[in-house]
Amino acid sequence: MAADETMAGRAGFRPFLTADRGPMSQPEAATQPTSAAPVSFYEKRKKIYAKGIRGYFDNWRITLVIFTQILFYASPWLVWNGRQAILLHLVERKFYIFGVIFWPQDVIYLAALLIVSAYALFLVTAVAGRLFCGYACPQTVYTQIFMWIENWVEGERNARIKLDKAPLDAHKLRIKGTKHALWLIFSLWTGFTLVAYFTPVNELINNVRSGNLGPWETFWIFFYGGFTYLFAGFMREQVCKYMCPYARFQSVMFDPDTLIITYDPERGETRGARKKGVDAKAAGLGDCVDCGLCVQVCPTGIDIRNGLQYECIGCAACVDVCDQVMDKVGLPRGLVRYSTENAMARHLSRKEILAHIVRPRILLYTAILAVILGMSAWFLAHRIPLKVDIIRDRSILAREADDGRIENVYMLQIMNTEEQPRRYRISVDGLPGAEIAGTPEVDAAAAGLTSFNTVVRVPPEAGKIGSNPIHFEIVAVDNPDIKVREKASFLLPQ
């Protein structure tokens with residue numbers, strides 16, 4: 001609540017809505033609830049018919065939508081070393097990322113990835129507000145794709161409004177049915193693609209063709225596809241307004257130097273239409289012609305002229321359309337623009353705004369992000385493609401060999417994480433005369449786990465009675481840099 005109050009004190013942020021009167025943009029309006037006008041935290045939904053707009057920021061949004069979706073849909077089809085390039089194979093418990101294979105023991109890298117993602121989001125938000133929401137968030141991306149399909153089938157904003165008001169007849173049923181069929185096909189393909197990251201795509205296709213799809217694959221295809229259809233087709237801005245936690249805690253990552261979508265009230269007020277040739281300044285009018293297009297193009301249906309609101313996803317559609325209106329009426333662009341609270345209050349130039357980006361919070365986020373990225377990259381680059389687990393056989397504590405030496409039996413598990421077979425040499429030290437009984441070498445399959453028993457022998461006088469520390473060293477025969485040294489214990493009986 002404190003975070004919302006902070007935002008409410010800046011840029012006209014409105015933390016709640018009224019059921020009867022719509023958006024509350026004036027602070028004093030929020031302090032006068034009466035029994036006749038009950039206050040609600042949820043606004044009765046009105047369907048939003050977002051108007052299409054083309055412009056500088058829209059071109060960037062289209063580019064990122066296309067880029068992210070090509071990346072998502074094409075990645076399962078990439079081939080590397082005769083296998084799927086990106087495959088999170090849960091059955092084999094191996095994550096294939098091009099030439100690198102991650103095993104369950106590499107969970108630290110997953111933790112590093114999550115930490116990097118979180119700090120990257122914090123950094124982007126502190127610098128440029130909800131830039132991720134407006135351009136790369138899956139909810140925004142899929143909603144944009146669904147809207148493109150909707151516009152292609154039903155037409156632009158006015159045509160969609162007219163169609164929804166028309167009575168249900170064969171024409172309307174055909175158009176609506178076509179749209180929903182395309183939505184469903186796209187949603188199911190999205191669900192299929194998601195599952196293809198966890199089940200090899202060729203195997204998945206064969207299972208679909210033969211009707212032999214497993215229960216979990218079936219569940220996730222329809223689950224993810226169904227929610228894509230529901231969220232992007234029907235709920236849309238409701239997900240951003242009521243379900244997304246990012247919209248709620250974004251205020252704690254904002255500060256007066258964060259770039260946000262802003263309306264310049266000093267320049268725009270008083271709003272109003274004006275006739276051609278009339279001196280707007282003499283008539284007491286600002287640059288805003290009150291055309292309402294900024295509201296019509298907004299995917300969440302807000303009026304940016306009421307100030308920053310948590311529903312704003314920073315897509316800048318209102319900036320594109322306002323700039324076009326300003327061009328038509330012969331006024332300078334930038335009535336609605338990317339700016340900061342300090343820039344609006346102090347009338348800072350673009351150069352001064354950029355200078356304020358370097359501030360303690362940004363430096364801290366950047367430093368932490370750089371350290372984590374650097375450490376993760378270093379450990380990944382020096383990662384030894386060999387993992388060893390050694391367990392002493394507790395069913396046979398110790399035994400005496402024919403030559404009088406004492407034997408302990410160990411089970412070794414050698415994990416070769418590379419996609420090429422290797423031969424490893426095993427040695428042991430830590431007690432005088434300690435040696436491996438039998439052959440000291442073992443072959444390990446590519447990207448496989450090899451388990452076997454080995455026997456270590458030592459003279460009876462080599463150590464003290466009880467547990468003695470020893471070390472196994474496993475070295476690749478063809479590459480001495482690939483080696484692992486593991487500690488174990490050798491038991492000498494009385």
# chains A, B, ... in the order shown; residues from 1 in each chain; ligands from 1

$ select_by_dssp --residues "range 127-352 of chain A" --states "alpha helix (DSSP H)" --output "VMD selection string"
chain A and resid 127 to 128 131 to 135 138 to 154 157 to 165 170 to 196 201 to 210 215 to 230 237 to 238 245 to 249 265 to 268 293 to 296 317 to 329 341 to 346 350 to 352

$ residues_around --residues "Ala434 in chain A" --least-positions-apart "3" --cutoff "6 Å" --atoms "only C-alpha atoms" --output "list in words"
Leu431, Arg457 and Val458 of chain A

$ atom_distance --atom1 "CA of Gly292 in chain A" --atom2 "CA of Thr140 in chain A"
22.6 Å

$ residues_around --residues "Tyr96 in chain A" --least-positions-apart "3" --cutoff "10 Å" --atoms "only C-alpha atoms" --output "ChimeraX atom specification"
/A:80,83-89,93,99-103,197

$ write_last_selection --atoms "all heavy atoms" --output "compact mmCIF listing (two decimals), in the first residue's frame"
# COMPACT_ATOMS: atom_id res chain seq x y z
N TRP A 80 21.81 -29.82 -33.53
CA TRP A 80 23.20 -29.66 -33.10
C TRP A 80 23.76 -31.04 -32.78
O TRP A 80 23.22 -31.76 -31.94
CB TRP A 80 23.26 -28.76 -31.86
CG TRP A 80 24.64 -28.40 -31.42
CD1 TRP A 80 25.48 -29.17 -30.65
CD2 TRP A 80 25.37 -27.21 -31.71
NE1 TRP A 80 26.66 -28.53 -30.44
CE2 TRP A 80 26.63 -27.31 -31.09
CE3 TRP A 80 25.08 -26.06 -32.44
CZ2 TRP A 80 27.59 -26.33 -31.17
CZ3 TRP A 80 26.03 -25.07 -32.52
CH2 TRP A 80 27.26 -25.20 -31.89
N ARG A 83 21.28 -33.90 -32.85
CA ARG A 83 20.16 -33.88 -31.90
C ARG A 83 19.54 -32.50 -31.87
O ARG A 83 20.02 -31.56 -32.52
CB ARG A 83 20.63 -34.26 -30.50
CG ARG A 83 21.74 -33.34 -29.98
CD ARG A 83 21.84 -33.33 -28.49
NE ARG A 83 22.99 -32.55 -28.04
CZ ARG A 83 22.99 -31.23 -27.88
NH1 ARG A 83 21.91 -30.53 -28.14
NH2 ARG A 83 24.08 -30.59 -27.47
N GLN A 84 18.47 -32.36 -31.12
CA GLN A 84 17.81 -31.07 -30.96
C GLN A 84 18.75 -30.12 -30.22
O GLN A 84 19.30 -30.46 -29.17
CB GLN A 84 16.50 -31.26 -30.18
CG GLN A 84 15.57 -30.07 -30.22
CD GLN A 84 14.19 -30.43 -29.68
OE1 GLN A 84 13.63 -31.46 -30.03
NE2 GLN A 84 13.65 -29.58 -28.82
N ALA A 85 18.92 -28.92 -30.74
CA ALA A 85 19.91 -27.99 -30.18
C ALA A 85 19.53 -27.52 -28.79
O ALA A 85 20.38 -27.41 -27.90
CB ALA A 85 20.09 -26.79 -31.11
N ILE A 86 18.25 -27.24 -28.58
CA ILE A 86 17.78 -26.79 -27.26
C ILE A 86 16.72 -27.78 -26.80
O ILE A 86 15.62 -27.83 -27.35
CB ILE A 86 17.21 -25.37 -27.32
CG1 ILE A 86 18.27 -24.38 -27.83
CG2 ILE A 86 16.70 -24.94 -25.95
CD1 ILE A 86 17.77 -22.97 -27.99
N LEU A 87 17.06 -28.57 -25.82
CA LEU A 87 16.14 -29.60 -25.33
C LEU A 87 16.32 -29.76 -23.82
O LEU A 87 17.40 -30.11 -23.35
CB LEU A 87 16.41 -30.93 -26.04
CG LEU A 87 15.57 -32.12 -25.59
CD1 LEU A 87 14.09 -31.87 -25.84
CD2 LEU A 87 16.03 -33.39 -26.30
N LEU A 88 15.26 -29.51 -23.09
CA LEU A 88 15.27 -29.69 -21.63
C LEU A 88 14.65 -31.05 -21.35
O LEU A 88 13.48 -31.16 -20.99
CB LEU A 88 14.49 -28.56 -20.95
CG LEU A 88 14.82 -27.14 -21.46
CD1 LEU A 88 13.95 -26.11 -20.74
CD2 LEU A 88 16.29 -26.82 -21.28
N HIS A 89 15.44 -32.08 -21.55
CA HIS A 89 14.94 -33.46 -21.53
C HIS A 89 14.72 -33.91 -20.09
O HIS A 89 15.67 -34.31 -19.40
CB HIS A 89 15.92 -34.38 -22.25
CG HIS A 89 15.27 -35.58 -22.86
ND1 HIS A 89 14.41 -36.39 -22.16
CD2 HIS A 89 15.34 -36.10 -24.13
CE1 HIS A 89 13.99 -37.35 -22.94
NE2 HIS A 89 14.53 -37.21 -24.14
N ARG A 93 16.83 -36.36 -17.72
CA ARG A 93 17.38 -35.42 -16.74
C ARG A 93 18.65 -34.75 -17.24
O ARG A 93 19.66 -34.66 -16.55
CB ARG A 93 17.60 -36.12 -15.40
CG ARG A 93 16.34 -36.43 -14.66
CD ARG A 93 16.58 -36.99 -13.29
NE ARG A 93 16.79 -38.42 -13.34
CZ ARG A 93 16.92 -39.20 -12.28
NH1 ARG A 93 16.88 -38.67 -11.08
NH2 ARG A 93 17.11 -40.49 -12.40
N GLY A 99 26.03 -26.82 -27.54
CA GLY A 99 27.11 -27.75 -27.26
C GLY A 99 27.33 -28.05 -25.79
O GLY A 99 28.26 -28.77 -25.44
N VAL A 100 26.49 -27.51 -24.92
CA VAL A 100 26.66 -27.69 -23.47
C VAL A 100 25.52 -28.55 -22.94
O VAL A 100 24.36 -28.38 -23.34
CB VAL A 100 26.69 -26.33 -22.75
CG1 VAL A 100 26.91 -26.52 -21.26
CG2 VAL A 100 27.77 -25.44 -23.34
N ILE A 101 25.84 -29.47 -22.04
CA ILE A 101 24.84 -30.31 -21.41
C ILE A 101 24.85 -30.03 -19.91
O ILE A 101 25.89 -30.10 -19.26
CB ILE A 101 25.12 -31.81 -21.66
CG1 ILE A 101 25.18 -32.10 -23.16
CG2 ILE A 101 24.04 -32.67 -21.01
CD1 ILE A 101 25.55 -33.52 -23.48
N PHE A 102 23.68 -29.70 -19.39
CA PHE A 102 23.55 -29.45 -17.96
C PHE A 102 22.83 -30.62 -17.31
O PHE A 102 21.82 -31.10 -17.81
CB PHE A 102 22.77 -28.15 -17.70
CG PHE A 102 23.48 -26.92 -18.16
CD1 PHE A 102 23.17 -26.35 -19.39
CD2 PHE A 102 24.44 -26.32 -17.38
CE1 PHE A 102 23.82 -25.21 -19.83
CE2 PHE A 102 25.11 -25.18 -17.80
CZ PHE A 102 24.79 -24.63 -19.03
N TRP A 103 23.37 -31.06 -16.17
CA TRP A 103 22.81 -32.17 -15.41
C TRP A 103 22.16 -31.63 -14.14
O TRP A 103 22.33 -30.45 -13.80
CB TRP A 103 23.92 -33.17 -15.06
CG TRP A 103 24.55 -33.81 -16.27
CD1 TRP A 103 25.33 -33.19 -17.21
CD2 TRP A 103 24.43 -35.16 -16.68
NE1 TRP A 103 25.71 -34.09 -18.18
CE2 TRP A 103 25.18 -35.32 -17.88
CE3 TRP A 103 23.78 -36.29 -16.16
CZ2 TRP A 103 25.29 -36.53 -18.54
CZ3 TRP A 103 23.91 -37.51 -16.83
CH2 TRP A 103 24.64 -37.61 -18.00
N TYR A 197 10.10 -28.27 -26.23
CA TYR A 197 11.34 -27.95 -25.52
C TYR A 197 11.68 -29.03 -24.48
O TYR A 197 12.81 -29.09 -24.00
CB TYR A 197 11.24 -26.60 -24.82
CG TYR A 197 11.44 -25.42 -25.73
CD1 TYR A 197 10.35 -24.78 -26.33
CD2 TYR A 197 12.71 -24.93 -26.02
CE1 TYR A 197 10.54 -23.69 -27.17
CE2 TYR A 197 12.90 -23.85 -26.85
CZ TYR A 197 11.81 -23.23 -27.42
OH TYR A 197 11.99 -22.16 -28.26

$ atom_distance --atom1 "CA of Pro245 in chain A" --atom2 "CA of Phe231 in chain A"
15.4 Å

$ residues_around --residues "Leu194 in chain A" --least-positions-apart "3" --cutoff "8 Å" --atoms "only C-alpha atoms" --output "list of chain:residue names"
A:Thr190, A:Gly191, A:Tyr197, A:Phe198, A:Ile221, A:Tyr224

$ decode --residues "range 282-431 of chain A" --atoms "C-alpha atoms" --output "PDB file, in the first residue's frame"
ATOM      1  CA  ALA A 282      -5.370  33.795 -27.712  1.00  0.00           C
ATOM      2  CA  ALA A 283      -8.338  31.492 -27.214  1.00  0.00           C
ATOM      3  CA  GLY A 284      -6.762  30.136 -24.027  1.00  0.00           C
ATOM      4  CA  LEU A 285      -6.149  26.676 -25.475  1.00  0.00           C
ATOM      5  CA  GLY A 286      -3.137  24.427 -25.146  1.00  0.00           C
ATOM      6  CA  ASP A 287      -1.665  22.140 -27.777  1.00  0.00           C
ATOM      7  CA  CYS A 288      -3.966  19.197 -26.934  1.00  0.00           C
ATOM      8  CA  VAL A 289      -6.832  19.185 -29.440  1.00  0.00           C
ATOM      9  CA  ASP A 290      -8.742  16.676 -27.291  1.00  0.00           C
ATOM     10  CA  CYS A 291      -9.097  14.222 -30.186  1.00  0.00           C
ATOM     11  CA  GLY A 292      -9.111  11.216 -27.824  1.00  0.00           C
ATOM     12  CA  LEU A 293      -6.909   9.139 -30.106  1.00  0.00           C
ATOM     13  CA  CYS A 294      -4.425   8.486 -27.302  1.00  0.00           C
ATOM     14  CA  VAL A 295      -7.212   6.651 -25.477  1.00  0.00           C
ATOM     15  CA  GLN A 296      -8.394   4.787 -28.576  1.00  0.00           C
ATOM     16  CA  VAL A 297      -4.969   3.291 -29.329  1.00  0.00           C
ATOM     17  CA  CYS A 298      -4.186   2.313 -25.720  1.00  0.00           C
ATOM     18  CA  PRO A 299      -4.334  -1.495 -25.268  1.00  0.00           C
ATOM     19  CA  THR A 300      -5.307  -1.063 -21.604  1.00  0.00           C
ATOM     20  CA  GLY A 301      -7.837   1.716 -22.272  1.00  0.00           C
ATOM     21  CA  ILE A 302      -6.375   4.443 -20.056  1.00  0.00           C
ATOM     22  CA  ASP A 303      -6.135   8.163 -20.678  1.00  0.00           C
ATOM     23  CA  ILE A 304      -2.465   9.086 -20.354  1.00  0.00           C
ATOM     24  CA  ARG A 305      -3.477  12.710 -19.852  1.00  0.00           C
ATOM     25  CA  ASN A 306      -4.640  11.750 -16.345  1.00  0.00           C
ATOM     26  CA  GLY A 307      -1.038  11.031 -15.391  1.00  0.00           C
ATOM     27  CA  LEU A 308       0.951   7.846 -14.829  1.00  0.00           C
ATOM     28  CA  GLN A 309      -1.272   4.877 -13.962  1.00  0.00           C
ATOM     29  CA  TYR A 310      -0.314   1.357 -13.028  1.00  0.00           C
ATOM     30  CA  GLU A 311      -2.260   0.031 -16.027  1.00  0.00           C
ATOM     31  CA  CYS A 312       0.195   1.732 -18.416  1.00  0.00           C
ATOM     32  CA  ILE A 313       2.471  -0.911 -19.958  1.00  0.00           C
ATOM     33  CA  GLY A 314       4.776   1.610 -21.633  1.00  0.00           C
ATOM     34  CA  CYS A 315       4.017   0.523 -25.206  1.00  0.00           C
ATOM     35  CA  ALA A 316       4.128   4.175 -26.435  1.00  0.00           C
ATOM     36  CA  ALA A 317       1.176   3.751 -28.819  1.00  0.00           C
ATOM     37  CA  CYS A 318      -0.156   7.062 -27.467  1.00  0.00           C
ATOM     38  CA  VAL A 319       3.177   8.709 -28.301  1.00  0.00           C
ATOM     39  CA  ASP A 320       2.998   7.553 -31.919  1.00  0.00           C
ATOM     40  CA  VAL A 321      -0.578   8.717 -32.468  1.00  0.00           C
ATOM     41  CA  CYS A 322      -0.113  12.051 -30.671  1.00  0.00           C
ATOM     42  CA  ASP A 323       2.980  12.835 -32.745  1.00  0.00           C
ATOM     43  CA  GLN A 324       0.963  12.210 -35.896  1.00  0.00           C
ATOM     44  CA  VAL A 325      -1.800  14.526 -34.702  1.00  0.00           C
ATOM     45  CA  MET A 326       0.743  17.216 -33.867  1.00  0.00           C
ATOM     46  CA  ASP A 327       2.170  16.892 -37.385  1.00  0.00           C
ATOM     47  CA  LYS A 328      -1.282  17.380 -38.876  1.00  0.00           C
ATOM     48  CA  VAL A 329      -2.094  20.512 -36.856  1.00  0.00           C
ATOM     49  CA  GLY A 330       1.376  21.991 -37.344  1.00  0.00           C
ATOM     50  CA  LEU A 331       2.555  21.775 -33.727  1.00  0.00           C
ATOM     51  CA  PRO A 332       5.813  20.371 -32.321  1.00  0.00           C
ATOM     52  CA  ARG A 333       5.937  16.681 -31.453  1.00  0.00           C
ATOM     53  CA  GLY A 334       6.367  15.484 -27.877  1.00  0.00           C
ATOM     54  CA  LEU A 335       3.099  16.482 -26.201  1.00  0.00           C
ATOM     55  CA  VAL A 336       3.024  12.841 -25.090  1.00  0.00           C
ATOM     56  CA  ARG A 337       6.536  11.443 -24.851  1.00  0.00           C
ATOM     57  CA  TYR A 338       9.053   9.366 -22.959  1.00  0.00           C
ATOM     58  CA  SER A 339      10.308  11.559 -20.140  1.00  0.00           C
ATOM     59  CA  THR A 340      10.879  11.574 -16.385  1.00  0.00           C
ATOM     60  CA  GLU A 341       9.216  13.218 -13.435  1.00  0.00           C
ATOM     61  CA  ASN A 342      12.261  15.408 -12.809  1.00  0.00           C
ATOM     62  CA  ALA A 343      12.469  16.361 -16.481  1.00  0.00           C
ATOM     63  CA  MET A 344       8.838  17.495 -16.485  1.00  0.00           C
ATOM     64  CA  ALA A 345       9.233  19.485 -13.275  1.00  0.00           C
ATOM     65  CA  ARG A 346      12.584  21.080 -14.145  1.00  0.00           C
ATOM     66  CA  HIS A 347      12.152  21.268 -17.935  1.00  0.00           C
ATOM     67  CA  LEU A 348      15.287  19.227 -18.545  1.00  0.00           C
ATOM     68  CA  SER A 349      16.625  18.720 -22.043  1.00  0.00           C
ATOM     69  CA  ARG A 350      17.114  15.286 -23.592  1.00  0.00           C
ATOM     70  CA  LYS A 351      20.838  15.474 -22.879  1.00  0.00           C
ATOM     71  CA  GLU A 352      20.169  16.281 -19.232  1.00  0.00           C
ATOM     72  CA  ILE A 353      17.685  13.401 -18.986  1.00  0.00           C
ATOM     73  CA  LEU A 354      20.318  10.984 -20.268  1.00  0.00           C
ATOM     74  CA  ALA A 355      22.816  12.389 -17.783  1.00  0.00           C
ATOM     75  CA  HIS A 356      20.446  11.522 -14.918  1.00  0.00           C
ATOM     76  CA  ILE A 357      20.366   7.860 -15.947  1.00  0.00           C
ATOM     77  CA  VAL A 358      23.703   7.275 -14.193  1.00  0.00           C
ATOM     78  CA  ARG A 359      22.645   7.343 -10.554  1.00  0.00           C
ATOM     79  CA  PRO A 360      23.374   5.178  -7.462  1.00  0.00           C
ATOM     80  CA  ARG A 361      20.542   2.711  -8.017  1.00  0.00           C
ATOM     81  CA  ILE A 362      21.496   2.110 -11.642  1.00  0.00           C
ATOM     82  CA  LEU A 363      25.179   1.751 -10.758  1.00  0.00           C
ATOM     83  CA  LEU A 364      24.328  -0.768  -8.020  1.00  0.00           C
ATOM     84  CA  TYR A 365      22.103  -2.891 -10.268  1.00  0.00           C
ATOM     85  CA  THR A 366      24.660  -2.762 -13.074  1.00  0.00           C
ATOM     86  CA  ALA A 367      27.545  -3.706 -10.771  1.00  0.00           C
ATOM     87  CA  ILE A 368      25.677  -6.660  -9.255  1.00  0.00           C
ATOM     88  CA  LEU A 369      24.548  -7.820 -12.684  1.00  0.00           C
ATOM     89  CA  ALA A 370      28.071  -7.549 -14.090  1.00  0.00           C
ATOM     90  CA  VAL A 371      29.573  -9.489 -11.163  1.00  0.00           C
ATOM     91  CA  ILE A 372      27.026 -12.313 -11.411  1.00  0.00           C
ATOM     92  CA  LEU A 373      27.352 -12.503 -15.190  1.00  0.00           C
ATOM     93  CA  GLY A 374      31.143 -12.467 -15.009  1.00  0.00           C
ATOM     94  CA  MET A 375      31.317 -15.166 -12.349  1.00  0.00           C
ATOM     95  CA  SER A 376      28.778 -17.358 -14.145  1.00  0.00           C
ATOM     96  CA  ALA A 377      30.637 -17.010 -17.445  1.00  0.00           C
ATOM     97  CA  TRP A 378      33.978 -17.799 -15.788  1.00  0.00           C
ATOM     98  CA  PHE A 379      32.683 -20.914 -14.022  1.00  0.00           C
ATOM     99  CA  LEU A 380      30.916 -22.077 -17.177  1.00  0.00           C
ATOM    100  CA  ALA A 381      34.053 -21.580 -19.272  1.00  0.00           C
ATOM    101  CA  HIS A 382      36.174 -23.514 -16.729  1.00  0.00           C
ATOM    102  CA  ARG A 383      33.544 -26.150 -16.095  1.00  0.00           C
ATOM    103  CA  ILE A 384      35.120 -29.627 -16.028  1.00  0.00           C
ATOM    104  CA  PRO A 385      33.071 -32.033 -18.173  1.00  0.00           C
ATOM    105  CA  LEU A 386      33.435 -34.796 -15.612  1.00  0.00           C
ATOM    106  CA  LYS A 387      31.575 -35.518 -12.399  1.00  0.00           C
ATOM    107  CA  VAL A 388      32.409 -38.321  -9.983  1.00  0.00           C
ATOM    108  CA  ASP A 389      30.537 -39.808  -7.045  1.00  0.00           C
ATOM    109  CA  ILE A 390      32.247 -42.355  -4.772  1.00  0.00           C
ATOM    110  CA  ILE A 391      30.463 -44.504  -2.189  1.00  0.00           C
ATOM    111  CA  ARG A 392      32.185 -47.104  -0.038  1.00  0.00           C
ATOM    112  CA  ASP A 393      30.353 -50.433   0.008  1.00  0.00           C
ATOM    113  CA  ARG A 394      28.976 -50.637   3.544  1.00  0.00           C
ATOM    114  CA  SER A 395      27.847 -54.252   3.217  1.00  0.00           C
ATOM    115  CA  ILE A 396      31.518 -55.282   3.147  1.00  0.00           C
ATOM    116  CA  LEU A 397      33.355 -53.033   5.608  1.00  0.00           C
ATOM    117  CA  ALA A 398      36.794 -54.537   5.000  1.00  0.00           C
ATOM    118  CA  ARG A 399      38.250 -57.886   4.004  1.00  0.00           C
ATOM    119  CA  GLU A 400      41.630 -59.568   3.874  1.00  0.00           C
ATOM    120  CA  ALA A 401      42.998 -60.591   0.456  1.00  0.00           C
ATOM    121  CA  ASP A 402      44.971 -63.768  -0.239  1.00  0.00           C
ATOM    122  CA  ASP A 403      48.261 -61.848  -0.021  1.00  0.00           C
ATOM    123  CA  GLY A 404      47.367 -60.412   3.412  1.00  0.00           C
ATOM    124  CA  ARG A 405      46.513 -56.930   2.255  1.00  0.00           C
ATOM    125  CA  ILE A 406      43.263 -55.247   3.286  1.00  0.00           C
ATOM    126  CA  GLU A 407      40.594 -54.516   0.698  1.00  0.00           C
ATOM    127  CA  ASN A 408      37.733 -52.013   0.645  1.00  0.00           C
ATOM    128  CA  VAL A 409      35.117 -52.023  -2.102  1.00  0.00           C
ATOM    129  CA  TYR A 410      33.844 -48.760  -3.600  1.00  0.00           C
ATOM    130  CA  MET A 411      31.113 -47.961  -6.073  1.00  0.00           C
ATOM    131  CA  LEU A 412      32.151 -45.233  -8.526  1.00  0.00           C
ATOM    132  CA  GLN A 413      29.749 -43.261 -10.679  1.00  0.00           C
ATOM    133  CA  ILE A 414      31.496 -41.393 -13.491  1.00  0.00           C
ATOM    134  CA  MET A 415      29.420 -38.841 -15.384  1.00  0.00           C
ATOM    135  CA  ASN A 416      30.852 -37.832 -18.742  1.00  0.00           C
ATOM    136  CA  THR A 417      29.068 -34.566 -19.598  1.00  0.00           C
ATOM    137  CA  GLU A 418      30.591 -34.256 -23.073  1.00  0.00           C
ATOM    138  CA  GLU A 419      29.070 -35.599 -26.276  1.00  0.00           C
ATOM    139  CA  GLN A 420      32.049 -37.808 -27.032  1.00  0.00           C
ATOM    140  CA  PRO A 421      33.150 -41.046 -25.345  1.00  0.00           C
ATOM    141  CA  ARG A 422      36.184 -40.910 -23.109  1.00  0.00           C
ATOM    142  CA  ARG A 423      38.535 -43.279 -21.332  1.00  0.00           C
ATOM    143  CA  TYR A 424      39.505 -42.438 -17.756  1.00  0.00           C
ATOM    144  CA  ARG A 425      42.423 -43.614 -15.616  1.00  0.00           C
ATOM    145  CA  ILE A 426      41.752 -44.121 -11.904  1.00  0.00           C
ATOM    146  CA  SER A 427      44.395 -43.833  -9.199  1.00  0.00           C
ATOM    147  CA  VAL A 428      44.313 -43.677  -5.403  1.00  0.00           C
ATOM    148  CA  ASP A 429      46.613 -42.171  -2.780  1.00  0.00           C
ATOM    149  CA  GLY A 430      46.596 -41.189   0.864  1.00  0.00           C
ATOM    150  CA  LEU A 431      47.908 -44.441   2.376  1.00  0.00           C
TER     151      LEU A 431
END
